[in-house]
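Undergrad: The structure is given below, and queries will be raised subsequently.
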Amino acid sequence: LLSWVVRRRSLLSPRAGEIYANETLIRSGYIGSAPLQPTVAISIRTLSMYRQAHRTCPRFSVEAQCKMLCHIHNIPYMSYLATQFRAAYDAYLEICRRVQIRVNAALGYNTPNHKTFASCPPCFYKIQDEPQLTFSSFVSIDGNNSLRRVGASARGSAARQDSRTLSSDRWLEPEEVDCFKDFKSKSKSSKADDDWEDSAGDGQASMDCVSRWRNAGPEERKKMFSMFEESGIFIASCRHRCVLLTCDMIKSGELAKYPLALTHRMLTTLGENIGCAYDIGCAFATT
């Protein structure tokens, strides 16, 4: 049994009706690292503390957590310890998710797109006799290339099959995004690079942002290194910085299909009188 303050061997006696070892463990506040015959069990409190720490600092990895536990208990770190911790942590997250589903059903929060409407009450909560506004809400959309994930081929290893699924109203699956893969921006930019040059002028010329902004360039230029399986994320957020929708950018740059998929979902869910800000909106309007 392992926790922040305890590391010991223990023999737990099952109660009547308990078939599996994890039933006995979870009654004692632990989750085993294997479904049938676990040899290591981690306390629920430790898993909960790591979850909150990872929320605060996403770079805080499972390996770092396991190394910290090893330092606390004065034992050498081994790679299999991280594998055992991941197995228990995945089971803990699944338990939390299923409990939350039951709580939402009891409270009536299981309607379609409830998370989107409940994410920001100032934007989406309507009161009785509220006057009609020109824009019911303001949102902004943009991509981020800092959350890249290196593919298995670049690491020289076989791709690992992940059967886990994410059930969230905020997340758009790749299949939904790919419905718009044949839509392209009608940008006329043909510049091979995106270096800016200073030029003298009289100050009267208009700014041609479509030809000078990299994300507004032709779709053929928005390639991504093949080593990255995921090149970033594309999100939509309200004016109060609440994330409404998210999707993965897969092996590409900021293609038109990502804002189109998010915009289509928002129009379907939030209605047509929303104001949307996008840094290349001038090129996106011609898509």
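Ligands are numbered from 1 in the order shown, residues from 1 within each chain, and chains are lettered A, B, ... in the order they appear in the structure tokens.
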Neighbours of range 41-43 of chain A within 8 Å (only C-alpha atoms; same-chain residues fewer than 4 positions away dropped), as a compact mmCIF listing (two decimals) with N, CA and C atoms, in the first residue's frame?
TA:
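That gives us out.txt:
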# COMPACT_ATOMS: atom_id res chain seq x y z
N LEU A 1 0.84 -1.18 0.00
CA LEU A 1 0.00 0.00 0.00
C LEU A 1 0.88 1.24 0.00
N LEU A 2 0.54 2.20 -0.87
CA LEU A 2 1.40 3.37 -1.06
C LEU A 2 0.56 4.63 -0.99
N SER A 3 1.07 5.61 -0.24
CA SER A 3 0.45 6.93 -0.18
C SER A 3 1.56 7.94 0.08
N LEU A 25 -9.86 -3.24 -1.68
CA LEU A 25 -8.91 -2.14 -1.63
C LEU A 25 -9.62 -0.79 -1.61
N GLY A 29 -9.76 2.62 0.83
CA GLY A 29 -9.22 3.89 0.35
C GLY A 29 -8.06 3.75 -0.61
N TYR A 30 -7.95 2.61 -1.29
CA TYR A 30 -6.86 2.38 -2.24
C TYR A 30 -7.41 1.85 -3.55
N ILE A 31 -6.63 2.02 -4.62
CA ILE A 31 -6.96 1.48 -5.94
C ILE A 31 -5.75 0.69 -6.42
N GLY A 32 -6.00 -0.55 -6.84
CA GLY A 32 -4.91 -1.41 -7.28
C GLY A 32 -4.39 -1.04 -8.65
N SER A 33 -3.17 -1.47 -8.94
CA SER A 33 -2.52 -1.17 -10.22
C SER A 33 -2.84 -2.22 -11.28
N LEU A 47 -3.87 9.89 -5.38
CA LEU A 47 -4.30 10.08 -6.77
C LEU A 47 -5.05 11.40 -6.93
N PHE A 85 1.46 3.34 -11.51
CA PHE A 85 0.73 4.55 -11.09
C PHE A 85 -0.27 4.96 -12.16
N ALA A 88 -3.47 2.78 -12.00
CA ALA A 88 -4.35 3.16 -10.89
C ALA A 88 -4.98 4.52 -11.14
Undergrad: I need the residues in range 4-219 of chain A that are strand (DSSP E or B) according to DSSP; give them as number ranges by chain.
TA: A: 7, 30-32, 41-43, 137-144, 149-150, 171-172
Undergrad: Now that the selection is made, can you save its residues with N, CA and C atoms as a compact mmCIF listing (two decimals), in the first residue's frame?
TA:
# COMPACT_ATOMS: atom_id res chain seq x y z
N ARG A 7 4.01 3.58 3.30
CA ARG A 7 4.43 2.55 2.34
C ARG A 7 4.65 1.27 3.15
N TYR A 30 -7.95 2.61 -1.29
CA TYR A 30 -6.86 2.38 -2.24
C TYR A 30 -7.41 1.85 -3.55
N ILE A 31 -6.63 2.02 -4.62
CA ILE A 31 -6.96 1.48 -5.94
C ILE A 31 -5.75 0.69 -6.42
N GLY A 32 -6.00 -0.55 -6.84
CA GLY A 32 -4.91 -1.41 -7.28
C GLY A 32 -4.39 -1.04 -8.65
N ALA A 41 -1.04 -1.05 -4.54
CA ALA A 41 -2.25 -0.23 -4.46
C ALA A 41 -1.86 1.17 -4.00
N ILE A 42 -2.46 2.18 -4.62
CA ILE A 42 -2.15 3.58 -4.32
C ILE A 42 -3.38 4.22 -3.70
N SER A 43 -3.18 5.02 -2.70
CA SER A 43 -4.30 5.62 -1.99
C SER A 43 -5.06 6.60 -2.88
N SER A 137 -23.75 36.92 -27.52
CA SER A 137 -22.49 36.64 -26.82
C SER A 137 -21.34 36.87 -27.78
N PHE A 138 -20.15 37.06 -27.21
CA PHE A 138 -18.94 37.24 -27.99
C PHE A 138 -17.99 36.07 -27.72
N VAL A 139 -17.42 35.53 -28.78
CA VAL A 139 -16.46 34.43 -28.66
C VAL A 139 -15.24 34.77 -29.51
N SER A 140 -14.14 34.11 -29.18
CA SER A 140 -12.93 34.23 -29.99
C SER A 140 -12.39 32.84 -30.25
N ILE A 141 -11.80 32.65 -31.42
CA ILE A 141 -11.26 31.35 -31.80
C ILE A 141 -9.82 31.54 -32.28
N ASP A 142 -8.98 30.55 -31.99
CA ASP A 142 -7.59 30.61 -32.44
C ASP A 142 -6.93 29.27 -32.18
N GLY A 143 -5.80 29.05 -32.85
CA GLY A 143 -5.03 27.83 -32.68
C GLY A 143 -3.79 28.05 -31.85
N ASN A 144 -3.24 26.97 -31.32
CA ASN A 144 -2.04 27.04 -30.49
C ASN A 144 -1.13 25.89 -30.89
N ARG A 149 2.60 16.95 -29.99
CA ARG A 149 2.93 15.62 -29.49
C ARG A 149 3.67 14.85 -30.56
N VAL A 150 4.84 14.35 -30.21
CA VAL A 150 5.68 13.63 -31.15
C VAL A 150 5.08 12.25 -31.41
N TRP A 171 -15.41 18.85 -26.56
CA TRP A 171 -14.39 18.27 -27.44
C TRP A 171 -14.99 17.83 -28.76
N LEU A 172 -14.38 18.23 -29.87
CA LEU A 172 -14.80 17.82 -31.20
C LEU A 172 -13.89 16.70 -31.67
Undergrad: Could you pull out the alpha helix (DSSP H) residues of range 106-162 of chain A from DSSP and send them as a list in words?
TA: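 Filtering range 106-162 of chain A to alpha helix (DSSP H) leaves Ala106, Leu107, His114, Lys115, Thr116, Phe117, Ala118, Pro121, Pro122, Cys123, Phe124, Ala152, Ser153, Ala154 and Arg155 of chain A.
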Undergrad: State, in Å with one decimal place, the distance from CA of Ser146 in chain A to CA of Pro174 in chain A.
TA: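 Result for CA of Ser146 in chain A versus CA of Pro174 in chain A: 19.1 Å, one decimal.
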Undergrad: Which is closest to Cys247 in chain A among A:Val40, A:Leu93, A:Leu260, A:Cys120, if we use only C-alpha atoms?
TA: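 Comparing A:Val40, A:Leu93, A:Leu260, A:Cys120 against Cys247 in chain A, the winner is A:Leu260.
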Undergrad: With distances taken over only C-alpha atoms, which residue among A:Lys115, A:Thr24, A:Phe183, A:Ile235 lies nearest Leu11 in chain A?
TA: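 Nearest candidate to Leu11 in chain A out of A:Lys115, A:Thr24, A:Phe183, A:Ile235: A:Thr24.
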Undergrad: So how many Å separate CA of Gln84 in chain A and CA of Glu18 in chain A, to one decimal?
TA: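 Computing the Euclidean distance for CA of Gln84 in chain A and CA of Glu18 in chain A yields 23.0 Å.
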